[in-house]
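For reference, target.cif (mmCIF, C-alpha atoms, pLDDT in the B column; chains and numbers go by the auth columns):
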```
data_start
#
loop_
_atom_site.group_PDB
_atom_site.id
_atom_site.type_symbol
_atom_site.label_atom_id
_atom_site.label_comp_id
_atom_site.label_asym_id
_atom_site.label_seq_id
_atom_site.Cartn_x
_atom_site.Cartn_y
_atom_site.Cartn_z
_atom_site.B_iso_or_equiv
_atom_site.auth_seq_id
_atom_site.auth_asym_id
ATOM 1 C CA GLY A 1 -15.337 8.558 23.819 53.00 1 A
ATOM 2 C CA ALA A 2 -15.164 10.975 20.956 79.00 2 A
ATOM 3 C CA GLY A 3 -14.073 8.457 18.358 92.00 3 A
ATOM 4 C CA VAL A 4 -13.644 4.783 17.621 94.00 4 A
ATOM 5 C CA SER A 5 -10.985 3.272 19.845 95.00 5 A
ATOM 6 C CA GLN A 6 -9.055 0.061 19.384 96.00 6 A
ATOM 7 C CA SER A 7 -6.776 -1.956 21.580 96.00 7 A
ATOM 8 C CA PRO A 8 -4.033 -2.900 21.641 97.00 8 A
ATOM 9 C CA SER A 9 -2.428 -0.434 19.257 95.00 9 A
ATOM 10 C CA ASN A 10 0.327 -2.928 18.527 96.00 10 A
ATOM 11 C CA LYS A 11 0.489 -6.672 18.998 97.00 11 A
ATOM 12 C CA VAL A 12 3.417 -8.963 18.338 98.00 12 A
ATOM 13 C CA THR A 13 2.760 -12.658 18.590 98.00 13 A
ATOM 14 C CA GLU A 14 4.310 -15.931 17.635 97.00 14 A
ATOM 15 C CA LYS A 15 3.018 -18.086 14.847 97.00 15 A
ATOM 16 C CA GLY A 16 0.368 -20.470 16.115 97.00 16 A
ATOM 17 C CA LYS A 17 -0.829 -18.303 18.990 98.00 17 A
ATOM 18 C CA ASP A 18 -4.352 -16.913 19.272 98.00 18 A
ATOM 19 C CA VAL A 19 -4.925 -13.150 19.412 98.00 19 A
ATOM 20 C CA GLU A 20 -7.906 -11.014 20.321 98.00 20 A
ATOM 21 C CA LEU A 21 -8.375 -7.475 19.063 98.00 21 A
ATOM 22 C CA ARG A 22 -10.856 -5.072 20.590 97.00 22 A
ATOM 23 C CA CYS A 23 -12.940 -2.267 19.144 97.00 23 A
ATOM 24 C CA ASP A 24 -14.992 0.313 21.031 96.00 24 A
ATOM 25 C CA PRO A 25 -17.310 2.047 18.569 95.00 25 A
ATOM 26 C CA ILE A 26 -18.691 5.536 18.930 94.00 26 A
ATOM 27 C CA SER A 27 -21.563 5.493 21.392 92.00 27 A
ATOM 28 C CA GLY A 28 -24.906 5.019 19.673 91.00 28 A
ATOM 29 C CA HIS A 29 -23.438 3.655 16.465 93.00 29 A
ATOM 30 C CA THR A 30 -25.362 0.582 15.411 92.00 30 A
ATOM 31 C CA ALA A 31 -23.172 -0.406 12.471 94.00 31 A
ATOM 32 C CA LEU A 32 -19.676 -1.758 13.064 96.00 32 A
ATOM 33 C CA TYR A 33 -17.101 -2.919 10.531 96.00 33 A
ATOM 34 C CA TRP A 34 -13.742 -4.645 10.581 98.00 34 A
ATOM 35 C CA TYR A 35 -11.259 -4.134 7.757 98.00 35 A
ATOM 36 C CA ARG A 36 -7.736 -5.456 7.238 97.00 36 A
ATOM 37 C CA GLN A 37 -4.852 -3.606 5.594 95.00 37 A
ATOM 38 C CA ARG A 38 -1.892 -5.741 4.598 95.00 38 A
ATOM 39 C CA LEU A 39 1.350 -4.126 3.554 90.00 39 A
ATOM 40 C CA GLY A 40 1.055 -2.610 0.089 86.00 40 A
ATOM 41 C CA GLN A 41 -2.613 -3.542 -0.216 89.00 41 A
ATOM 42 C CA GLY A 42 -5.865 -1.682 0.009 90.00 42 A
ATOM 43 C CA LEU A 43 -8.195 -2.135 2.944 95.00 43 A
ATOM 44 C CA GLU A 44 -10.138 -5.396 2.736 96.00 44 A
ATOM 45 C CA PHE A 45 -13.592 -5.811 4.248 95.00 45 A
ATOM 46 C CA LEU A 46 -13.758 -8.536 6.890 97.00 46 A
ATOM 47 C CA ILE A 47 -17.074 -8.401 8.751 96.00 47 A
ATOM 48 C CA TYR A 48 -20.087 -6.150 9.381 95.00 48 A
ATOM 49 C CA PHE A 49 -22.453 -5.952 12.352 94.00 49 A
ATOM 50 C CA GLN A 50 -25.751 -4.068 12.307 92.00 50 A
ATOM 51 C CA GLY A 51 -27.821 -4.027 15.467 86.00 51 A
ATOM 52 C CA ASN A 52 -29.182 -7.455 16.262 85.00 52 A
ATOM 53 C CA SER A 53 -29.088 -8.676 12.669 89.00 53 A
ATOM 54 C CA ALA A 54 -26.929 -11.608 11.647 91.00 54 A
ATOM 55 C CA PRO A 55 -23.437 -10.297 10.824 92.00 55 A
ATOM 56 C CA ASP A 56 -22.059 -10.301 7.295 94.00 56 A
ATOM 57 C CA LYS A 57 -19.001 -12.519 7.631 94.00 57 A
ATOM 58 C CA SER A 58 -18.340 -12.799 3.916 93.00 58 A
ATOM 59 C CA GLY A 59 -14.936 -11.110 4.116 94.00 59 A
ATOM 60 C CA LEU A 60 -13.366 -13.342 6.754 96.00 60 A
ATOM 61 C CA PRO A 61 -10.426 -15.028 5.005 95.00 61 A
ATOM 62 C CA SER A 62 -10.555 -18.348 6.851 95.00 62 A
ATOM 63 C CA ASP A 63 -12.283 -20.164 9.687 96.00 63 A
ATOM 64 C CA ARG A 64 -9.431 -19.097 11.959 98.00 64 A
ATOM 65 C CA PHE A 65 -11.018 -15.658 12.003 98.00 65 A
ATOM 66 C CA SER A 66 -14.106 -14.876 14.067 97.00 66 A
ATOM 67 C CA ALA A 67 -15.703 -11.796 15.538 97.00 67 A
ATOM 68 C CA GLU A 68 -18.338 -11.021 18.113 95.00 68 A
ATOM 69 C CA ARG A 69 -20.300 -8.011 19.134 95.00 69 A
ATOM 70 C CA THR A 70 -22.533 -7.721 22.156 84.00 70 A
ATOM 71 C CA GLY A 71 -25.521 -5.541 21.370 79.00 71 A
ATOM 72 C CA GLU A 72 -24.362 -2.197 20.041 79.00 72 A
ATOM 73 C CA SER A 73 -21.161 -2.037 22.029 88.00 73 A
ATOM 74 C CA VAL A 74 -17.705 -3.530 21.998 95.00 74 A
ATOM 75 C CA SER A 75 -16.564 -5.933 19.313 97.00 75 A
ATOM 76 C CA THR A 76 -13.712 -8.404 19.423 98.00 76 A
ATOM 77 C CA LEU A 77 -11.940 -9.942 16.450 98.00 77 A
ATOM 78 C CA THR A 78 -10.236 -13.229 17.245 98.00 78 A
ATOM 79 C CA ILE A 79 -7.602 -14.892 15.109 98.00 79 A
ATOM 80 C CA GLN A 80 -6.751 -18.452 16.065 98.00 80 A
ATOM 81 C CA ARG A 81 -3.479 -20.196 15.255 98.00 81 A
ATOM 82 C CA THR A 82 -2.017 -17.058 13.732 98.00 82 A
ATOM 83 C CA GLN A 83 0.054 -17.280 10.566 97.00 83 A
ATOM 84 C CA GLN A 84 2.635 -14.849 9.218 97.00 84 A
ATOM 85 C CA GLU A 85 0.244 -13.798 6.444 96.00 85 A
ATOM 86 C CA ASP A 86 -2.124 -12.511 9.145 97.00 86 A
ATOM 87 C CA SER A 87 0.328 -9.666 9.811 97.00 87 A
ATOM 88 C CA ALA A 88 -1.558 -6.489 8.978 97.00 88 A
ATOM 89 C CA VAL A 89 -3.257 -3.443 10.422 96.00 89 A
ATOM 90 C CA TYR A 90 -6.773 -4.302 11.558 97.00 90 A
ATOM 91 C CA LEU A 91 -9.116 -1.331 11.405 97.00 91 A
ATOM 92 C CA CYS A 92 -12.499 -1.008 13.030 97.00 92 A
ATOM 93 C CA ALA A 93 -15.137 1.488 11.923 96.00 93 A
ATOM 94 C CA SER A 94 -18.616 2.454 13.069 95.00 94 A
ATOM 95 C CA SER A 95 -21.565 4.513 11.895 94.00 95 A
ATOM 96 C CA PHE A 96 -24.933 5.460 13.385 91.00 96 A
ATOM 97 C CA ASP A 97 -26.684 4.192 10.274 87.00 97 A
ATOM 98 C CA PRO A 98 -25.530 1.777 7.563 84.00 98 A
ATOM 99 C CA ALA A 99 -26.496 4.373 4.939 84.00 99 A
ATOM 100 C CA VAL A 100 -23.802 6.663 6.319 88.00 100 A
ATOM 101 C CA ASN A 101 -20.098 6.082 5.671 91.00 101 A
ATOM 102 C CA PRO A 102 -18.356 5.018 8.865 93.00 102 A
ATOM 103 C CA PHE A 103 -15.704 6.614 11.053 94.00 103 A
ATOM 104 C CA PHE A 104 -12.486 4.629 11.394 95.00 104 A
ATOM 105 C CA GLY A 105 -10.447 3.830 14.472 94.00 105 A
ATOM 106 C CA PRO A 106 -6.636 4.042 14.689 93.00 106 A
ATOM 107 C CA GLY A 107 -6.166 0.348 14.014 95.00 107 A
ATOM 108 C CA THR A 108 -4.240 -2.471 15.643 97.00 108 A
ATOM 109 C CA ARG A 109 -0.957 -3.385 14.009 96.00 109 A
ATOM 110 C CA LEU A 110 -0.531 -7.165 14.279 97.00 110 A
ATOM 111 C CA THR A 111 2.858 -8.740 13.644 97.00 111 A
ATOM 112 C CA VAL A 112 3.127 -12.518 13.567 98.00 112 A
ATOM 113 C CA LEU A 113 6.689 -13.767 13.917 96.00 113 A
ATOM 114 C CA LYS B 1 -16.473 -6.971 -8.776 87.00 1 B
ATOM 115 C CA GLN B 2 -15.513 -3.364 -8.106 92.00 2 B
ATOM 116 C CA GLU B 3 -11.825 -2.544 -8.430 94.00 3 B
ATOM 117 C CA VAL B 4 -10.260 0.743 -7.389 97.00 4 B
ATOM 118 C CA THR B 5 -6.907 1.892 -8.725 97.00 5 B
ATOM 119 C CA GLN B 6 -4.871 4.829 -7.523 97.00 6 B
ATOM 120 C CA ILE B 7 -2.139 6.466 -9.531 95.00 7 B
ATOM 121 C CA PRO B 8 0.623 7.261 -8.801 94.00 8 B
ATOM 122 C CA ALA B 9 1.553 4.848 -6.027 95.00 9 B
ATOM 123 C CA ALA B 10 3.991 7.419 -4.668 96.00 10 B
ATOM 124 C CA LEU B 11 4.630 11.076 -5.301 96.00 11 B
ATOM 125 C CA SER B 12 7.313 13.426 -4.021 97.00 12 B
ATOM 126 C CA VAL B 13 6.985 17.168 -4.575 97.00 13 B
ATOM 127 C CA PRO B 14 8.595 20.352 -3.261 97.00 14 B
ATOM 128 C CA GLU B 15 6.618 22.507 -0.879 97.00 15 B
ATOM 129 C CA GLY B 16 4.240 24.937 -2.556 97.00 16 B
ATOM 130 C CA GLU B 17 3.438 22.823 -5.592 97.00 17 B
ATOM 131 C CA ASN B 18 -0.090 22.068 -6.681 97.00 18 B
ATOM 132 C CA LEU B 19 -0.688 18.373 -7.262 96.00 19 B
ATOM 133 C CA VAL B 20 -3.293 15.895 -8.435 97.00 20 B
ATOM 134 C CA LEU B 21 -3.954 12.381 -7.188 97.00 21 B
ATOM 135 C CA ASN B 22 -5.961 10.024 -9.344 97.00 22 B
ATOM 136 C CA CYS B 23 -8.486 7.332 -8.535 98.00 23 B
ATOM 137 C CA SER B 24 -10.318 5.123 -11.001 98.00 24 B
ATOM 138 C CA PHE B 25 -13.010 2.506 -10.440 97.00 25 B
ATOM 139 C CA THR B 26 -14.413 -0.176 -12.703 96.00 26 B
ATOM 140 C CA ASP B 27 -18.119 -0.153 -11.769 93.00 27 B
ATOM 141 C CA SER B 28 -19.792 3.225 -12.187 92.00 28 B
ATOM 142 C CA ALA B 29 -22.844 2.221 -10.112 91.00 29 B
ATOM 143 C CA ILE B 30 -21.575 3.924 -6.990 93.00 30 B
ATOM 144 C CA TYR B 31 -23.397 5.587 -4.097 92.00 31 B
ATOM 145 C CA ASN B 32 -20.495 7.798 -3.158 94.00 32 B
ATOM 146 C CA LEU B 33 -16.728 8.177 -3.286 96.00 33 B
ATOM 147 C CA GLN B 34 -14.603 9.182 -0.338 97.00 34 B
ATOM 148 C CA TRP B 35 -11.039 10.421 -0.027 98.00 35 B
ATOM 149 C CA PHE B 36 -9.139 9.661 3.156 97.00 36 B
ATOM 150 C CA ARG B 37 -5.795 10.552 4.577 97.00 37 B
ATOM 151 C CA GLN B 38 -3.808 7.995 6.564 95.00 38 B
ATOM 152 C CA ASP B 39 -0.875 8.932 8.762 92.00 39 B
ATOM 153 C CA PRO B 40 1.520 6.281 10.112 84.00 40 B
ATOM 154 C CA GLY B 41 0.127 4.628 13.229 76.00 41 B
ATOM 155 C CA LYS B 42 -3.164 6.441 12.921 80.00 42 B
ATOM 156 C CA GLY B 43 -6.541 5.654 11.492 84.00 43 B
ATOM 157 C CA LEU B 44 -8.196 7.083 8.443 92.00 44 B
ATOM 158 C CA THR B 45 -9.188 10.723 8.406 93.00 45 B
ATOM 159 C CA SER B 46 -11.994 11.547 6.016 94.00 46 B
ATOM 160 C CA LEU B 47 -11.116 14.440 3.723 96.00 47 B
ATOM 161 C CA LEU B 48 -13.946 14.709 1.247 97.00 48 B
ATOM 162 C CA LEU B 49 -17.023 12.675 0.409 95.00 49 B
ATOM 163 C CA ILE B 50 -18.711 13.082 -2.964 96.00 50 B
ATOM 164 C CA GLN B 51 -22.194 11.713 -3.489 93.00 51 B
ATOM 165 C CA SER B 52 -22.878 10.103 -6.855 92.00 52 B
ATOM 166 C CA SER B 53 -25.035 13.070 -7.917 93.00 53 B
ATOM 167 C CA GLN B 54 -22.270 15.570 -7.229 95.00 54 B
ATOM 168 C CA ARG B 55 -19.390 16.628 -9.465 96.00 55 B
ATOM 169 C CA GLU B 56 -17.018 18.011 -6.872 95.00 56 B
ATOM 170 C CA GLN B 57 -16.423 18.896 -3.259 96.00 57 B
ATOM 171 C CA THR B 58 -14.048 21.442 -1.780 97.00 58 B
ATOM 172 C CA SER B 59 -12.500 21.851 1.635 96.00 59 B
ATOM 173 C CA GLY B 60 -9.804 24.456 2.110 97.00 60 B
ATOM 174 C CA ARG B 61 -6.895 23.644 -0.185 97.00 61 B
ATOM 175 C CA LEU B 62 -8.485 20.351 -1.265 98.00 62 B
ATOM 176 C CA ASN B 63 -10.799 19.824 -4.189 98.00 63 B
ATOM 177 C CA ALA B 64 -12.153 16.452 -5.241 97.00 64 B
ATOM 178 C CA SER B 65 -13.933 15.848 -8.509 97.00 65 B
ATOM 179 C CA LEU B 66 -16.025 12.916 -9.643 97.00 66 B
ATOM 180 C CA ASP B 67 -16.794 11.738 -13.165 96.00 67 B
ATOM 181 C CA LYS B 68 -18.979 8.747 -12.468 94.00 68 B
ATOM 182 C CA SER B 69 -19.590 7.773 -16.072 92.00 69 B
ATOM 183 C CA SER B 70 -15.894 7.448 -16.797 95.00 70 B
ATOM 184 C CA GLY B 71 -15.102 5.926 -13.410 96.00 71 B
ATOM 185 C CA ARG B 72 -12.668 8.595 -12.299 97.00 72 B
ATOM 186 C CA SER B 73 -12.001 10.924 -9.417 98.00 73 B
ATOM 187 C CA THR B 74 -9.185 13.344 -8.759 98.00 74 B
ATOM 188 C CA LEU B 75 -7.996 14.951 -5.557 98.00 75 B
ATOM 189 C CA TYR B 76 -6.375 18.318 -6.139 98.00 76 B
ATOM 190 C CA ILE B 77 -4.148 19.742 -3.409 98.00 77 B
ATOM 191 C CA ALA B 78 -3.200 23.377 -3.780 98.00 78 B
ATOM 192 C CA ALA B 79 -0.030 24.941 -2.389 98.00 79 B
ATOM 193 C CA SER B 80 1.187 21.711 -0.802 97.00 80 B
ATOM 194 C CA GLN B 81 2.808 21.781 2.648 97.00 81 B
ATOM 195 C CA PRO B 82 5.078 19.302 4.452 97.00 82 B
ATOM 196 C CA GLY B 83 2.160 18.565 6.770 97.00 83 B
ATOM 197 C CA ASP B 84 0.271 17.160 3.787 97.00 84 B
ATOM 198 C CA SER B 85 2.702 14.235 3.690 97.00 85 B
ATOM 199 C CA ALA B 86 0.649 11.076 4.204 97.00 86 B
ATOM 200 C CA THR B 87 -0.975 8.230 2.323 96.00 87 B
ATOM 201 C CA TYR B 88 -4.141 9.227 0.490 98.00 88 B
ATOM 202 C CA LEU B 89 -6.808 6.587 0.013 97.00 89 B
ATOM 203 C CA CYS B 90 -9.781 6.547 -2.293 97.00 90 B
ATOM 204 C CA ALA B 91 -12.829 4.403 -1.502 97.00 91 B
ATOM 205 C CA VAL B 92 -16.118 3.811 -3.301 96.00 92 B
ATOM 206 C CA ARG B 93 -19.434 2.557 -2.029 94.00 93 B
ATOM 207 C CA LYS B 94 -21.750 0.667 -4.348 86.00 94 B
ATOM 208 C CA ASN B 95 -25.131 2.053 -5.212 81.00 95 B
ATOM 209 C CA SER B 96 -27.572 -0.693 -4.423 71.00 96 B
ATOM 210 C CA GLY B 97 -28.097 -4.339 -3.916 68.00 97 B
ATOM 211 C CA GLY B 98 -26.776 -6.466 -1.140 68.00 98 B
ATOM 212 C CA SER B 99 -23.760 -5.458 0.887 74.00 99 B
ATOM 213 C CA ASN B 100 -23.893 -1.857 -0.289 82.00 100 B
ATOM 214 C CA TYR B 101 -22.506 -0.810 3.084 88.00 101 B
ATOM 215 C CA LYS B 102 -19.023 -2.029 2.106 90.00 102 B
ATOM 216 C CA LEU B 103 -16.315 0.339 0.982 94.00 103 B
ATOM 217 C CA THR B 104 -13.872 -0.766 -1.725 95.00 104 B
ATOM 218 C CA PHE B 105 -10.490 0.858 -1.332 96.00 105 B
ATOM 219 C CA GLY B 106 -7.573 1.583 -3.594 97.00 106 B
ATOM 220 C CA LYS B 107 -4.038 0.868 -2.450 96.00 107 B
ATOM 221 C CA GLY B 108 -3.328 4.534 -1.886 96.00 108 B
ATOM 222 C CA THR B 109 -0.868 7.194 -2.979 97.00 109 B
ATOM 223 C CA LEU B 110 2.052 7.932 -0.660 96.00 110 B
ATOM 224 C CA LEU B 111 2.650 11.680 -0.822 97.00 111 B
ATOM 225 C CA THR B 112 5.827 13.325 0.405 97.00 112 B
ATOM 226 C CA VAL B 113 6.059 17.106 0.412 97.00 113 B
ATOM 227 C CA ASN B 114 9.624 18.273 0.852 97.00 114 B
ATOM 228 C CA PRO B 115 10.374 21.554 2.633 95.00 115 B
#
```

Just dump the structure as structure tokens.
Amino acid sequence: GAGVSQSPSNKVTEKGKDVELRCDPISGHTALYWYRQRLGQGLEFLIYFQGNSAPDKSGLPSDRFSAERTGESVSTLTIQRTQQEDSAVYLCASSFDPAVNPFFGPGTRLTVL
Amino acid sequence: KQEVTQIPAALSVPEGENLVLNCSFTDSAIYNLQWFRQDPGKGLTSLLLIQSSQREQTSGRLNASLDKSSGRSTLYIAASQPGDSATYLCAVRKNSGGSNYKLTFGKGTLLTVNP
């Protein structure tokens, strides 16, 4: 596609459930990022993938959060046992080179009831 | 740790006014600074990117300036239009060292342009 796509666009879940968010980066982009935007806050870095290198997971807020990426394609962000404080917009971004600022997707709005 | 602050948090102006949004950052060792626009339910749209060696960038009615030594950037919007209503985000990228691929964002300025 022409841009970064994310699915679902909206997700409502109950506290304690697991959720999986998907990101399709721009074709050929080796670098992929996940950010989180909680209400009234700036975007927070979560995780970074670059090619086949070990991902930078330093921004993941707890061990309930994990992410995977297969090669240079789709990435999934999984949140286990969701809590109300996980409610946020989760944004994915990609770039063809880590030296270049990434393009952002539309985000997934997660609401945990 | 880099911190980015945007002032004001919200701004409401009548159509046609010129306006300035402010962004400040605590660590001047930046690689670049980027201004984004965010519309409800949509992702971030890049408006202007200023490299650390540059003083300003212009695109149409938008002009962004950078004073790296003082840790400040401004986004100037000329002749504002209702379609400019959105949240404007400022983000900086550190210059070197580990994890210099991360962007540090401010909380944004919510702009409303009234017809």

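The environment of region 32-41 of chain A within 7 Å, counting only C-alpha atoms and disregarding residues fewer than 3 places along the same chain, consists of Glu44, Phe45, Leu46, Ile47, Tyr48, Phe49, Gln50, Ser87, Ala88, Val89, Tyr90, Leu91, Cys92, Ala93, Ser94 and Ser95 of chain A; Lys107 of chain B.
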
Pull out every residue of chain B sitting within 12 Å of chain A, counting only C-alpha atoms, and send them as a PyMOL selection string. chain B and resi 3-6+9-10+31-51+87-96+98-110

Any chance you can output those residues with C-alpha atoms as a PDB file, in the frame of the given file?
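Generated output (out-v5.pdb):
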```
ATOM      1  CA  GLU B   3     -11.825  -2.544  -8.430  1.00 94.00           C
ATOM      2  CA  VAL B   4     -10.260   0.743  -7.389  1.00 97.00           C
ATOM      3  CA  THR B   5      -6.907   1.892  -8.725  1.00 97.00           C
ATOM      4  CA  GLN B   6      -4.871   4.829  -7.523  1.00 97.00           C
ATOM      5  CA  ALA B   9       1.553   4.848  -6.027  1.00 95.00           C
ATOM      6  CA  ALA B  10       3.991   7.419  -4.668  1.00 96.00           C
ATOM      7  CA  TYR B  31     -23.397   5.587  -4.097  1.00 92.00           C
ATOM      8  CA  ASN B  32     -20.495   7.798  -3.158  1.00 94.00           C
ATOM      9  CA  LEU B  33     -16.728   8.177  -3.286  1.00 96.00           C
ATOM     10  CA  GLN B  34     -14.603   9.182  -0.338  1.00 97.00           C
ATOM     11  CA  TRP B  35     -11.039  10.421  -0.027  1.00 98.00           C
ATOM     12  CA  PHE B  36      -9.139   9.661   3.156  1.00 97.00           C
ATOM     13  CA  ARG B  37      -5.795  10.552   4.577  1.00 97.00           C
ATOM     14  CA  GLN B  38      -3.808   7.995   6.564  1.00 95.00           C
ATOM     15  CA  ASP B  39      -0.875   8.932   8.762  1.00 92.00           C
ATOM     16  CA  PRO B  40       1.520   6.281  10.112  1.00 84.00           C
ATOM     17  CA  GLY B  41       0.127   4.628  13.229  1.00 76.00           C
ATOM     18  CA  LYS B  42      -3.164   6.441  12.921  1.00 80.00           C
ATOM     19  CA  GLY B  43      -6.541   5.654  11.492  1.00 84.00           C
ATOM     20  CA  LEU B  44      -8.196   7.083   8.443  1.00 92.00           C
ATOM     21  CA  THR B  45      -9.188  10.723   8.406  1.00 93.00           C
ATOM     22  CA  SER B  46     -11.994  11.547   6.016  1.00 94.00           C
ATOM     23  CA  LEU B  47     -11.116  14.440   3.723  1.00 96.00           C
ATOM     24  CA  LEU B  48     -13.946  14.709   1.247  1.00 97.00           C
ATOM     25  CA  LEU B  49     -17.023  12.675   0.409  1.00 95.00           C
ATOM     26  CA  ILE B  50     -18.711  13.082  -2.964  1.00 96.00           C
ATOM     27  CA  GLN B  51     -22.194  11.713  -3.489  1.00 93.00           C
ATOM     28  CA  THR B  87      -0.975   8.230   2.323  1.00 96.00           C
ATOM     29  CA  TYR B  88      -4.141   9.227   0.490  1.00 98.00           C
ATOM     30  CA  LEU B  89      -6.808   6.587   0.013  1.00 97.00           C
ATOM     31  CA  CYS B  90      -9.781   6.547  -2.293  1.00 97.00           C
ATOM     32  CA  ALA B  91     -12.829   4.403  -1.502  1.00 97.00           C
ATOM     33  CA  VAL B  92     -16.118   3.811  -3.301  1.00 96.00           C
ATOM     34  CA  ARG B  93     -19.434   2.557  -2.029  1.00 94.00           C
ATOM     35  CA  LYS B  94     -21.750   0.667  -4.348  1.00 86.00           C
ATOM     36  CA  ASN B  95     -25.131   2.053  -5.212  1.00 81.00           C
ATOM     37  CA  SER B  96     -27.572  -0.693  -4.423  1.00 71.00           C
ATOM     38  CA  GLY B  98     -26.776  -6.466  -1.140  1.00 68.00           C
ATOM     39  CA  SER B  99     -23.760  -5.458   0.887  1.00 74.00           C
ATOM     40  CA  ASN B 100     -23.893  -1.857  -0.289  1.00 82.00           C
ATOM     41  CA  TYR B 101     -22.506  -0.810   3.084  1.00 88.00           C
ATOM     42  CA  LYS B 102     -19.023  -2.029   2.106  1.00 90.00           C
ATOM     43  CA  LEU B 103     -16.315   0.339   0.982  1.00 94.00           C
ATOM     44  CA  THR B 104     -13.872  -0.766  -1.725  1.00 95.00           C
ATOM     45  CA  PHE B 105     -10.490   0.858  -1.332  1.00 96.00           C
ATOM     46  CA  GLY B 106      -7.573   1.583  -3.594  1.00 97.00           C
ATOM     47  CA  LYS B 107      -4.038   0.868  -2.450  1.00 96.00           C
ATOM     48  CA  GLY B 108      -3.328   4.534  -1.886  1.00 96.00           C
ATOM     49  CA  THR B 109      -0.868   7.194  -2.979  1.00 97.00           C
ATOM     50  CA  LEU B 110       2.052   7.932  -0.660  1.00 96.00           C
TER      51      LEU B 110
END
```

List as a list of chain:residue names the protein and nucleic acid residues near region 57-64 of chain B, meaning an atom at most 7 Å away when only C-alpha atoms are counted, but skip any in the same chain fewer than 5 places from it. B:Leu48, B:Ile50, B:Ser73, B:Thr74, B:Leu75, B:Tyr76, B:Ile77, B:Ala78

Record the distance separating CA of Gly16 (chain B) and CA of Ala79 (chain B), expressed in Å with one decimal. 4.3 Å

Show which residues sit within 10 Å of Asp67 (chain B), as a ChimeraX atom specification. Count all atoms listed in the file, and ignore same-chain residues fewer than 6 positions away. /B:24,28,52-56,73-74

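The nearest approach to Asn114 (chain B) among the residues B:Ile30, B:Cys23, B:Ala86, B:Ile7, with all atoms listed in the file taken into account, belongs to B:Ala86.
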
For region 73-81 of chain A, please output as a ChimeraX atom specification all residues within 6 Å (counting all atoms listed in the file; exclusion window: fewer than 5 positions along the same chain). /A:16-24,64-68

Distance cut-off 8 Å, centre (-0.4, -11.6, 14.6) in file coordinates, counting all atoms listed in the file: which residues qualify? Return them as a PyMOL selection string. chain A and resi 11-15+19+79+82-84+86-88+110-113

note - CA of Pro8 (chain A) and CA of His29 (chain A) are separated by 21.1 Å

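We find CA of Ser7 (chain A) and CA of Asn52 (chain A) to be spaced 23.7 Å apart.
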